[in-house]
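For reference, the structure discussed in these notes is given below.
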Amino acid sequence: MFALVAGRFAQADSRRRARMYVLGLLSGAERKNSWTLAEQAGDLTPDGMQRLLNFYRWDADATRDDIRSYVLRHLGDPGGVVVADETGFLKKGTKSAGVQREYSGTAGRIENCQLGVFLTYVSPRGRALIDRELYLPKSWTDDRTRCEEAGIGDAVDFATKPELAQRMLERLLDAGADVEWFTADEAYGDNPGLRSWCEQAGLNYVMAISRGHRFDTTAGKARADDLAAAAPRKGWQRLSAGEGSKGHRLYDWLLIDPATPGGQQLLVRRSISKPTELAYYICHTTYPAPIAELVRVAGSRWAVEETFQFAKNETGLDHYQVRKYHAWYRHITLSMLAAAFLTATAHAERLRDEKGAAQRRKNT
């Protein structure tokens, strides 16, 4: 795995350090910061690992591209879905790039944190992070002196989370990736710019939206919740949105075609145990897709939290101790590399076990 990215490191020492860094991320150490990774490598101080993140010459973006290609090669599937979502990294102080007090879904409350926006590839073969962007609030981008201290160049301007997601999707499609589906929560689904870009790029999407989202209909504009309330009862279907820890996640689903000029459809999810709990999705496809396929794509988004948790627990995604902008990208990229390796290896092991079991059945 490391041989795929070794050429991205300009010096022999940086390559050696990077390999030891990744091995440390793959170790059983409880915390995976520069101190503990240095101990795993046999160093007396964390200086070498800090140099890897802060000073050595190597291309984190090219390494990211290698990771994306690796994931798509090993986990690629016709049913693959790309998911955009953010996760929080709790931090103390005010010096770490992008840090401020804001809501963190990780903590479930307002905390002092950084927010990273990620693309995750989800398929029946596994799931892995394939791209990342650090969200910089306006409190940072409007203060160029503060940005300079954190290593943020003048060319880095404010971008919303949907804009960051669009940048990553552009990189994915520009690389020639064969993906058909994209999904995200309502912070992205409610953004008309992102939806329009997906439609122009020919990328099918199923994105969550707020209940007050307005659709163009033959009778004028109508809210998503009003369209759902006016739909006939017989239109609901009970379908699985995928398997969870307790079996299939069953909900009642309704697909409404408001006959919009852009060909957008409304997908509604209703809880079986609490029928008043509804969720809404906006869908756009380049071909007629059955409701079961749209439900499958919508359900793929739930895998992202598990992917974040896996990377944080197993490969130290949030264990870094760096403040500089480019150092954040470097640690996150190496953590993504280690996590992709684990996911691809697990898939290969499952295939081997399945082939072995089939051969044993054949022999008996």
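In the structure tokens, chains take the letters A, B, ... in the order shown, each chain's residues start at 1, and ligands count up from 1 in the order shown.
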
Per residue of region 294-352 of chain A within 12 Å of region 252-256 of chain A, which atom pair is closest and at what distance in Å (one decimal), using only C-alpha atoms, listed by chain and increasing number, as a tab-separated table?
```
residue	atom	partner	partner_atom	distance
A:Leu294	CA	A:Leu255	CA	9.2
A:Val295	CA	A:Trp253	CA	7.9
A:Arg296	CA	A:Trp253	CA	11.4
A:Ala298	CA	A:Trp253	CA	11.1
A:Gly299	CA	A:Trp253	CA	11.8
```

What lies within 12 Å of Arg146 (chain A) using only C-alpha atoms, ignoring chain neighbours under 4 positions off, as number ranges by chain? A: 94-99, 136, 138-142, 150-154, 323-325

Can I get the selected residues back with all heavy atoms, as a compact mmCIF listing (two decimals), in the first residue's frame?
```
# COMPACT_ATOMS: atom_id res chain seq x y z
N THR A 94 -7.15 29.04 20.41
CA THR A 94 -7.65 29.78 19.25
C THR A 94 -6.67 29.77 18.08
O THR A 94 -6.91 30.43 17.07
CB THR A 94 -7.92 31.25 19.63
OG1 THR A 94 -6.69 31.85 20.07
CG2 THR A 94 -8.95 31.35 20.73
N LYS A 95 -5.57 29.02 18.18
CA LYS A 95 -4.50 29.08 17.18
C LYS A 95 -4.64 28.04 16.07
O LYS A 95 -4.12 28.24 14.98
CB LYS A 95 -3.14 28.92 17.86
CG LYS A 95 -2.82 30.00 18.89
CD LYS A 95 -2.72 31.36 18.24
CE LYS A 95 -2.29 32.43 19.24
NZ LYS A 95 -2.21 33.77 18.62
N SER A 96 -5.30 26.92 16.32
CA SER A 96 -5.42 25.88 15.29
C SER A 96 -6.24 26.40 14.12
O SER A 96 -7.29 27.03 14.31
CB SER A 96 -6.08 24.63 15.86
OG SER A 96 -5.29 24.07 16.91
N ALA A 97 -5.80 26.15 12.91
CA ALA A 97 -6.44 26.68 11.70
C ALA A 97 -7.92 26.34 11.68
O ALA A 97 -8.30 25.17 11.78
CB ALA A 97 -5.76 26.13 10.45
N GLY A 98 -8.77 27.36 11.54
CA GLY A 98 -10.21 27.16 11.40
C GLY A 98 -10.97 26.94 12.68
O GLY A 98 -12.20 26.79 12.65
N VAL A 99 -10.30 26.92 13.82
CA VAL A 99 -11.00 26.61 15.08
C VAL A 99 -11.88 27.79 15.50
O VAL A 99 -11.52 28.95 15.34
CB VAL A 99 -9.98 26.26 16.19
CG1 VAL A 99 -9.19 27.49 16.63
CG2 VAL A 99 -10.69 25.61 17.38
N LEU A 136 -13.09 26.77 6.86
CA LEU A 136 -12.58 27.99 7.47
C LEU A 136 -13.71 29.00 7.60
O LEU A 136 -14.20 29.52 6.59
CB LEU A 136 -11.45 28.58 6.63
CG LEU A 136 -10.18 27.74 6.47
CD1 LEU A 136 -9.21 28.41 5.52
CD2 LEU A 136 -9.52 27.50 7.83
N LYS A 138 -15.74 32.58 8.40
CA LYS A 138 -15.41 33.96 8.02
C LYS A 138 -14.59 34.66 9.09
O LYS A 138 -13.83 35.60 8.78
CB LYS A 138 -16.70 34.74 7.75
CG LYS A 138 -17.36 34.37 6.42
CD LYS A 138 -18.51 35.31 6.10
CE LYS A 138 -19.09 35.00 4.72
NZ LYS A 138 -20.19 35.91 4.36
N SER A 139 -14.73 34.23 10.36
CA SER A 139 -13.92 34.84 11.41
C SER A 139 -12.43 34.61 11.15
O SER A 139 -11.59 35.35 11.66
CB SER A 139 -14.31 34.25 12.78
OG SER A 139 -14.09 32.84 12.81
N TRP A 140 -12.12 33.61 10.34
CA TRP A 140 -10.73 33.35 9.95
C TRP A 140 -10.40 34.05 8.63
O TRP A 140 -9.41 34.77 8.53
CB TRP A 140 -10.50 31.85 9.83
CG TRP A 140 -10.13 31.23 11.14
CD1 TRP A 140 -10.98 30.82 12.13
CD2 TRP A 140 -8.81 30.97 11.62
NE1 TRP A 140 -10.28 30.32 13.19
CE2 TRP A 140 -8.95 30.39 12.90
CE3 TRP A 140 -7.54 31.15 11.09
CZ2 TRP A 140 -7.84 30.01 13.67
CZ3 TRP A 140 -6.43 30.77 11.84
CH2 TRP A 140 -6.59 30.22 13.12
N THR A 141 -11.18 33.82 7.61
CA THR A 141 -10.82 34.34 6.29
C THR A 141 -10.88 35.87 6.22
O THR A 141 -10.25 36.47 5.36
CB THR A 141 -11.73 33.74 5.20
OG1 THR A 141 -13.11 33.99 5.53
CG2 THR A 141 -11.51 32.24 5.09
N ASP A 142 -11.63 36.49 7.14
CA ASP A 142 -11.67 37.96 7.18
C ASP A 142 -10.49 38.54 7.96
O ASP A 142 -10.33 39.77 8.00
CB ASP A 142 -12.98 38.44 7.82
CG ASP A 142 -14.19 38.21 6.92
OD1 ASP A 142 -13.97 37.93 5.72
OD2 ASP A 142 -15.32 38.31 7.41
N ALA A 150 -1.38 30.91 10.90
CA ALA A 150 -1.74 29.48 10.83
C ALA A 150 -1.32 28.84 9.52
O ALA A 150 -1.67 27.69 9.25
CB ALA A 150 -3.24 29.32 11.04
N GLY A 151 -0.59 29.59 8.68
CA GLY A 151 -0.11 29.03 7.42
C GLY A 151 -1.16 28.98 6.33
O GLY A 151 -1.04 28.18 5.40
N ILE A 152 -2.18 29.81 6.43
CA ILE A 152 -3.24 29.86 5.43
C ILE A 152 -2.92 30.96 4.43
O ILE A 152 -2.86 32.14 4.80
CB ILE A 152 -4.61 30.11 6.08
CG1 ILE A 152 -4.92 29.03 7.12
CG2 ILE A 152 -5.71 30.16 5.02
CD1 ILE A 152 -6.12 29.34 8.00
N GLY A 153 -2.68 30.61 3.18
CA GLY A 153 -2.27 31.58 2.17
C GLY A 153 -3.38 32.54 1.78
O GLY A 153 -4.57 32.30 2.02
N ASP A 154 -2.97 33.65 1.15
CA ASP A 154 -3.93 34.67 0.74
C ASP A 154 -4.91 34.16 -0.32
O ASP A 154 -6.00 34.71 -0.49
CB ASP A 154 -3.18 35.89 0.17
CG ASP A 154 -2.43 36.64 1.26
OD1 ASP A 154 -2.78 36.48 2.44
OD2 ASP A 154 -1.49 37.39 0.91
N ARG A 323 -1.27 22.71 14.49
CA ARG A 323 -2.03 23.94 14.38
C ARG A 323 -2.06 24.49 12.95
O ARG A 323 -3.00 25.17 12.58
CB ARG A 323 -1.45 25.02 15.31
CG ARG A 323 -1.64 24.72 16.79
CD ARG A 323 -1.03 25.82 17.63
NE ARG A 323 -1.30 25.62 19.05
CZ ARG A 323 -0.83 26.42 20.01
NH1 ARG A 323 -0.07 27.47 19.70
NH2 ARG A 323 -1.13 26.18 21.27
N LYS A 324 -1.04 24.20 12.18
CA LYS A 324 -0.92 24.78 10.85
C LYS A 324 -1.91 24.15 9.87
O LYS A 324 -2.25 22.96 9.97
CB LYS A 324 0.50 24.60 10.32
CG LYS A 324 1.56 25.30 11.16
CD LYS A 324 1.45 26.82 11.09
CE LYS A 324 2.61 27.49 11.80
NZ LYS A 324 2.53 28.96 11.73
N TYR A 325 -2.33 24.96 8.92
CA TYR A 325 -3.32 24.56 7.91
C TYR A 325 -2.84 23.34 7.12
O TYR A 325 -3.55 22.34 7.03
CB TYR A 325 -3.53 25.76 6.99
CG TYR A 325 -4.56 25.60 5.90
CD1 TYR A 325 -5.91 25.49 6.21
CD2 TYR A 325 -4.18 25.64 4.56
CE1 TYR A 325 -6.87 25.39 5.21
CE2 TYR A 325 -5.14 25.55 3.55
CZ TYR A 325 -6.47 25.42 3.89
OH TYR A 325 -7.41 25.32 2.89
```

So that each row is one residue of region 238-306 of chain A with an atom at most 9 Å from region 105-123 of chain A, can you give its shortest atom pair and the distance in Å to one decimal, using only C-alpha atoms, rows by chain and rising number, as a tab-separated table?
```
residue	atom	partner	partner_atom	distance
A:Ser300	CA	A:Val122	CA	6.8
A:Arg301	CA	A:Val122	CA	8.5
A:Ala303	CA	A:Val122	CA	7.4
A:Val304	CA	A:Thr120	CA	6.8
```

Identify all residues of region 145-284 of chain A in helix (DSSP H, G or I) (DSSP on the backbone) and supply them as an NGL selection string. :A and (145-149 or 161-174 or 186-189 or 192-201 or 224-230 or 233-235)

Quick one: distance from CA of Glu354 (chain A) to CA of Ala128 (chain A) in Å, one decimal? 21.8 Å

Tell me which protein, DNA and RNA residues are within 12 Å of Gly42 (chain A), counting only C-alpha atoms, leaving out same-chain ones fewer than 5 positions away, and put them as number ranges by chain. A: 17, 20-21, 24, 35-37, 48-49

Expected file contents, prior selection, all heavy atoms, as a PDB file, in the first residue's frame:
```pdb
ATOM      1  N   ARG A  17       9.889   8.243   7.433  1.00  0.00           N
ATOM      2  CA  ARG A  17       9.044   8.780   8.502  1.00  0.00           C
ATOM      3  C   ARG A  17       7.566   8.540   8.204  1.00  0.00           C
ATOM      4  O   ARG A  17       6.786   8.177   9.089  1.00  0.00           O
ATOM      5  CB  ARG A  17       9.284  10.283   8.641  1.00  0.00           C
ATOM      6  CG  ARG A  17      10.591  10.650   9.293  1.00  0.00           C
ATOM      7  CD  ARG A  17      10.519  10.512  10.782  1.00  0.00           C
ATOM      8  NE  ARG A  17      11.807  10.785  11.394  1.00  0.00           N
ATOM      9  CZ  ARG A  17      12.125  10.428  12.613  1.00  0.00           C
ATOM     10  NH1 ARG A  17      11.237   9.741  13.334  1.00  0.00           N
ATOM     11  NH2 ARG A  17      13.292  10.694  13.123  1.00  0.00           N
ATOM     12  N   MET A  20       6.605   4.956   8.842  1.00  0.00           N
ATOM     13  CA  MET A  20       6.509   4.685  10.277  1.00  0.00           C
ATOM     14  C   MET A  20       5.270   5.371  10.869  1.00  0.00           C
ATOM     15  O   MET A  20       4.641   4.840  11.784  1.00  0.00           O
ATOM     16  CB  MET A  20       7.775   5.177  10.987  1.00  0.00           C
ATOM     17  CG  MET A  20       9.048   4.450  10.573  1.00  0.00           C
ATOM     18  SD  MET A  20       8.927   2.646  10.731  1.00  0.00           S
ATOM     19  CE  MET A  20       8.688   2.475  12.504  1.00  0.00           C
ATOM     20  N   TYR A  21       4.930   6.529  10.358  1.00  0.00           N
ATOM     21  CA  TYR A  21       3.733   7.245  10.823  1.00  0.00           C
ATOM     22  C   TYR A  21       2.490   6.403  10.541  1.00  0.00           C
ATOM     23  O   TYR A  21       1.628   6.229  11.422  1.00  0.00           O
ATOM     24  CB  TYR A  21       3.646   8.590  10.115  1.00  0.00           C
ATOM     25  CG  TYR A  21       2.737   9.606  10.773  1.00  0.00           C
ATOM     26  CD1 TYR A  21       3.249  10.552  11.647  1.00  0.00           C
ATOM     27  CD2 TYR A  21       1.366   9.644  10.502  1.00  0.00           C
ATOM     28  CE1 TYR A  21       2.431  11.512  12.248  1.00  0.00           C
ATOM     29  CE2 TYR A  21       0.538  10.581  11.081  1.00  0.00           C
ATOM     30  CZ  TYR A  21       1.080  11.515  11.965  1.00  0.00           C
ATOM     31  OH  TYR A  21       0.249  12.454  12.557  1.00  0.00           O
ATOM     32  N   GLY A  24       2.310   3.431  12.730  1.00  0.00           N
ATOM     33  CA  GLY A  24       1.849   3.831  14.056  1.00  0.00           C
ATOM     34  C   GLY A  24       0.342   4.038  14.090  1.00  0.00           C
ATOM     35  O   GLY A  24      -0.326   3.657  15.058  1.00  0.00           O
ATOM     36  N   TRP A  35       3.704  12.092  19.737  1.00  0.00           N
ATOM     37  CA  TRP A  35       4.463  11.456  20.816  1.00  0.00           C
ATOM     38  C   TRP A  35       4.344   9.939  20.751  1.00  0.00           C
ATOM     39  O   TRP A  35       5.352   9.220  20.778  1.00  0.00           O
ATOM     40  CB  TRP A  35       3.968  11.962  22.173  1.00  0.00           C
ATOM     41  CG  TRP A  35       4.617  13.228  22.621  1.00  0.00           C
ATOM     42  CD1 TRP A  35       4.097  14.491  22.555  1.00  0.00           C
ATOM     43  CD2 TRP A  35       5.923  13.366  23.187  1.00  0.00           C
ATOM     44  NE1 TRP A  35       4.997  15.407  23.042  1.00  0.00           N
ATOM     45  CE2 TRP A  35       6.127  14.752  23.444  1.00  0.00           C
ATOM     46  CE3 TRP A  35       6.937  12.464  23.507  1.00  0.00           C
ATOM     47  CZ2 TRP A  35       7.304  15.243  24.007  1.00  0.00           C
ATOM     48  CZ3 TRP A  35       8.114  12.954  24.064  1.00  0.00           C
ATOM     49  CH2 TRP A  35       8.297  14.330  24.305  1.00  0.00           C
ATOM     50  N   THR A  36       3.119   9.446  20.691  1.00  0.00           N
ATOM     51  CA  THR A  36       2.935   7.991  20.708  1.00  0.00           C
ATOM     52  C   THR A  36       3.427   7.347  19.417  1.00  0.00           C
ATOM     53  O   THR A  36       3.962   6.234  19.444  1.00  0.00           O
ATOM     54  CB  THR A  36       1.450   7.644  20.929  1.00  0.00           C
ATOM     55  OG1 THR A  36       0.658   8.266  19.911  1.00  0.00           O
ATOM     56  CG2 THR A  36       0.974   8.128  22.288  1.00  0.00           C
ATOM     57  N   LEU A  37       3.280   8.042  18.282  1.00  0.00           N
ATOM     58  CA  LEU A  37       3.777   7.492  17.028  1.00  0.00           C
ATOM     59  C   LEU A  37       5.305   7.461  17.018  1.00  0.00           C
ATOM     60  O   LEU A  37       5.909   6.541  16.457  1.00  0.00           O
ATOM     61  CB  LEU A  37       3.252   8.307  15.844  1.00  0.00           C
ATOM     62  CG  LEU A  37       1.730   8.316  15.656  1.00  0.00           C
ATOM     63  CD1 LEU A  37       1.352   9.093  14.403  1.00  0.00           C
ATOM     64  CD2 LEU A  37       1.167   6.902  15.584  1.00  0.00           C
ATOM     65  N   GLY A  48      10.803  14.218  14.859  1.00  0.00           N
ATOM     66  CA  GLY A  48      10.785  13.694  13.498  1.00  0.00           C
ATOM     67  C   GLY A  48       9.386  13.637  12.921  1.00  0.00           C
ATOM     68  O   GLY A  48       9.166  13.980  11.749  1.00  0.00           O
ATOM     69  N   MET A  49       8.425  13.210  13.721  1.00  0.00           N
ATOM     70  CA  MET A  49       7.045  13.128  13.252  1.00  0.00           C
ATOM     71  C   MET A  49       6.461  14.525  13.022  1.00  0.00           C
ATOM     72  O   MET A  49       5.684  14.747  12.095  1.00  0.00           O
ATOM     73  CB  MET A  49       6.186  12.355  14.255  1.00  0.00           C
ATOM     74  CG  MET A  49       6.609  10.892  14.427  1.00  0.00           C
ATOM     75  SD  MET A  49       6.604   9.988  12.845  1.00  0.00           S
ATOM     76  CE  MET A  49       7.060   8.340  13.414  1.00  0.00           C
TER      77      MET A  49
END
```

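Nearest to Trp302 (chain A) of all the residues A:Ser34, A:Gln265, A:Ser245, A:Thr218 is A:Ser245, based on only C-alpha atoms.
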
Contacts of region 11-14 of chain A at 8 Å (only C-alpha atoms; same-chain gap of 6+ positions) as a ChimeraX atom specification: /A:52,56-58

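You will find CA of Leu164 (chain A) at 16.5 Å from CA of Leu203 (chain A).
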
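Residues in contact with Gly28 (chain A) at 12 Å, where only C-alpha atoms are counted and same-chain residues fewer than 6 positions away are skipped, are listed as Thr36, Leu37, Gln40, Asn313, Glu314, Thr315 and Gly316 of chain A.
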
Please, what distance in Å, to one decimal, runs between CA of Pro137 (chain A) and CA of Asn191 (chain A)? 17.6 Å

Which residues are close to region 268-273 of chain A, i.e. within 10 Å by only C-alpha atoms, leaving aside same-chain residues fewer than 6 positions away? Reply as a PDB file with N, CA, C and O atoms, in the first residue's frame.
```pdb
ATOM      1  N   ALA A 208     -31.087  15.064   1.363  1.00  0.00           N
ATOM      2  CA  ALA A 208     -32.095  15.483   2.333  1.00  0.00           C
ATOM      3  C   ALA A 208     -32.355  16.981   2.188  1.00  0.00           C
ATOM      4  O   ALA A 208     -31.452  17.750   1.839  1.00  0.00           O
ATOM      5  N   ARG A 211     -38.252  20.568   5.494  1.00  0.00           N
ATOM      6  CA  ARG A 211     -39.675  20.370   5.196  1.00  0.00           C
ATOM      7  C   ARG A 211     -40.268  21.544   4.433  1.00  0.00           C
ATOM      8  O   ARG A 211     -41.249  21.408   3.713  1.00  0.00           O
ATOM      9  N   ALA A 224     -42.561  20.964   0.613  1.00  0.00           N
ATOM     10  CA  ALA A 224     -42.394  19.510   0.628  1.00  0.00           C
ATOM     11  C   ALA A 224     -43.389  18.849   1.573  1.00  0.00           C
ATOM     12  O   ALA A 224     -44.004  17.827   1.244  1.00  0.00           O
ATOM     13  N   ASP A 225     -43.594  19.441   2.769  1.00  0.00           N
ATOM     14  CA  ASP A 225     -44.512  18.815   3.722  1.00  0.00           C
ATOM     15  C   ASP A 225     -45.965  18.886   3.249  1.00  0.00           C
ATOM     16  O   ASP A 225     -46.759  17.972   3.506  1.00  0.00           O
ATOM     17  N   LEU A 227     -46.919  18.798   0.037  1.00  0.00           N
ATOM     18  CA  LEU A 227     -47.039  17.781  -1.023  1.00  0.00           C
ATOM     19  C   LEU A 227     -47.212  16.397  -0.411  1.00  0.00           C
ATOM     20  O   LEU A 227     -48.008  15.582  -0.892  1.00  0.00           O
ATOM     21  N   ALA A 228     -46.460  16.120   0.667  1.00  0.00           N
ATOM     22  CA  ALA A 228     -46.570  14.812   1.329  1.00  0.00           C
ATOM     23  C   ALA A 228     -47.949  14.633   1.960  1.00  0.00           C
ATOM     24  O   ALA A 228     -48.551  13.560   1.888  1.00  0.00           O
ATOM     25  N   TRP A 236     -47.738   4.999  -0.304  1.00  0.00           N
ATOM     26  CA  TRP A 236     -46.634   4.640   0.590  1.00  0.00           C
ATOM     27  C   TRP A 236     -46.215   3.185   0.385  1.00  0.00           C
ATOM     28  O   TRP A 236     -47.055   2.314   0.184  1.00  0.00           O
ATOM     29  N   GLN A 237     -44.897   2.954   0.472  1.00  0.00           N
ATOM     30  CA  GLN A 237     -44.358   1.590   0.375  1.00  0.00           C
ATOM     31  C   GLN A 237     -43.388   1.358   1.528  1.00  0.00           C
ATOM     32  O   GLN A 237     -42.611   2.242   1.875  1.00  0.00           O
ATOM     33  N   ARG A 238     -43.422   0.153   2.089  1.00  0.00           N
ATOM     34  CA  ARG A 238     -42.489  -0.189   3.177  1.00  0.00           C
ATOM     35  C   ARG A 238     -41.236  -0.814   2.565  1.00  0.00           C
ATOM     36  O   ARG A 238     -41.291  -1.871   1.937  1.00  0.00           O
ATOM     37  N   LEU A 239     -40.099  -0.137   2.762  1.00  0.00           N
ATOM     38  CA  LEU A 239     -38.848  -0.574   2.149  1.00  0.00           C
ATOM     39  C   LEU A 239     -37.707  -0.448   3.143  1.00  0.00           C
ATOM     40  O   LEU A 239     -37.754   0.352   4.087  1.00  0.00           O
ATOM     41  N   ALA A 241     -33.936   0.664   4.062  1.00  0.00           N
ATOM     42  CA  ALA A 241     -32.904   1.622   3.656  1.00  0.00           C
ATOM     43  C   ALA A 241     -31.515   1.062   3.902  1.00  0.00           C
ATOM     44  O   ALA A 241     -30.544   1.801   3.967  1.00  0.00           O
ATOM     45  N   LEU A 250     -36.223  -0.443   8.349  1.00  0.00           N
ATOM     46  CA  LEU A 250     -37.482  -0.361   7.609  1.00  0.00           C
ATOM     47  C   LEU A 250     -38.208   0.951   7.885  1.00  0.00           C
ATOM     48  O   LEU A 250     -38.333   1.385   9.038  1.00  0.00           O
ATOM     49  N   TYR A 251     -38.686   1.565   6.808  1.00  0.00           N
ATOM     50  CA  TYR A 251     -39.501   2.782   6.892  1.00  0.00           C
ATOM     51  C   TYR A 251     -40.568   2.697   5.810  1.00  0.00           C
ATOM     52  O   TYR A 251     -40.477   1.891   4.880  1.00  0.00           O
ATOM     53  N   ASP A 252     -41.571   3.559   5.935  1.00  0.00           N
ATOM     54  CA  ASP A 252     -42.532   3.755   4.851  1.00  0.00           C
ATOM     55  C   ASP A 252     -42.012   4.903   3.982  1.00  0.00           C
ATOM     56  O   ASP A 252     -41.557   5.932   4.494  1.00  0.00           O
ATOM     57  N   TRP A 253     -42.121   4.712   2.655  1.00  0.00           N
ATOM     58  CA  TRP A 253     -41.564   5.680   1.712  1.00  0.00           C
ATOM     59  C   TRP A 253     -42.607   6.093   0.686  1.00  0.00           C
ATOM     60  O   TRP A 253     -43.460   5.288   0.300  1.00  0.00           O
ATOM     61  N   LEU A 254     -42.509   7.337   0.246  1.00  0.00           N
ATOM     62  CA  LEU A 254     -43.435   7.888  -0.740  1.00  0.00           C
ATOM     63  C   LEU A 254     -42.630   8.677  -1.761  1.00  0.00           C
ATOM     64  O   LEU A 254     -41.795   9.511  -1.396  1.00  0.00           O
ATOM     65  N   LEU A 255     -42.876   8.423  -3.045  1.00  0.00           N
ATOM     66  CA  LEU A 255     -42.190   9.157  -4.107  1.00  0.00           C
ATOM     67  C   LEU A 255     -43.216  10.017  -4.837  1.00  0.00           C
ATOM     68  O   LEU A 255     -44.232   9.512  -5.325  1.00  0.00           O
ATOM     69  N   ILE A 256     -42.939  11.316  -4.916  1.00  0.00           N
ATOM     70  CA  ILE A 256     -43.860  12.278  -5.540  1.00  0.00           C
ATOM     71  C   ILE A 256     -43.123  12.972  -6.691  1.00  0.00           C
ATOM     72  O   ILE A 256     -41.995  13.439  -6.524  1.00  0.00           O
ATOM     73  N   ALA A 279     -39.182  12.635   7.029  1.00  0.00           N
ATOM     74  CA  ALA A 279     -37.953  13.228   6.494  1.00  0.00           C
ATOM     75  C   ALA A 279     -38.132  13.370   4.991  1.00  0.00           C
ATOM     76  O   ALA A 279     -38.843  12.578   4.358  1.00  0.00           O
ATOM     77  N   TYR A 280     -37.486  14.382   4.401  1.00  0.00           N
ATOM     78  CA  TYR A 280     -37.722  14.718   3.001  1.00  0.00           C
ATOM     79  C   TYR A 280     -36.404  14.720   2.222  1.00  0.00           C
ATOM     80  O   TYR A 280     -35.368  15.158   2.733  1.00  0.00           O
ATOM     81  N   TYR A 281     -36.481  14.259   0.964  1.00  0.00           N
ATOM     82  CA  TYR A 281     -35.303  14.197   0.097  1.00  0.00           C
ATOM     83  C   TYR A 281     -35.672  14.725  -1.285  1.00  0.00           C
ATOM     84  O   TYR A 281     -36.767  14.465  -1.790  1.00  0.00           O
ATOM     85  N   ILE A 282     -34.734  15.431  -1.891  1.00  0.00           N
ATOM     86  CA  ILE A 282     -34.908  15.863  -3.273  1.00  0.00           C
ATOM     87  C   ILE A 282     -34.056  14.957  -4.156  1.00  0.00           C
ATOM     88  O   ILE A 282     -32.900  14.662  -3.831  1.00  0.00           O
ATOM     89  N   VAL A 295     -34.249   4.887  -2.396  1.00  0.00           N
ATOM     90  CA  VAL A 295     -34.205   4.601  -0.962  1.00  0.00           C
ATOM     91  C   VAL A 295     -32.831   4.068  -0.573  1.00  0.00           C
ATOM     92  O   VAL A 295     -32.267   4.433   0.469  1.00  0.00           O
ATOM     93  N   ALA A 298     -30.432   6.997  -0.439  1.00  0.00           N
ATOM     94  CA  ALA A 298     -30.697   7.822   0.751  1.00  0.00           C
ATOM     95  C   ALA A 298     -30.155   7.145   2.000  1.00  0.00           C
ATOM     96  O   ALA A 298     -29.575   7.797   2.882  1.00  0.00           O
TER      97      ALA A 298
END
```

Quick one: of A:His74, A:Arg8, A:Lys234, A:Arg167, who's nearest to Arg125 (chain A), counting only C-alpha atoms? A:His74

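Proximity of A:Gly356, A:Gly176, A:Pro78, A:Pro288 to Asp65 (chain A), computed with only C-alpha atoms, is greatest for A:Gly176.
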
With only C-alpha atoms as the counted atoms, please give the residues lying no more than 10 Å from Phe2 (chain A), apart from itself and same-chain residues fewer than 5 positions off, as a PyMOL selection string. chain A and resi 7+15+18-19+22-23+337-338+341
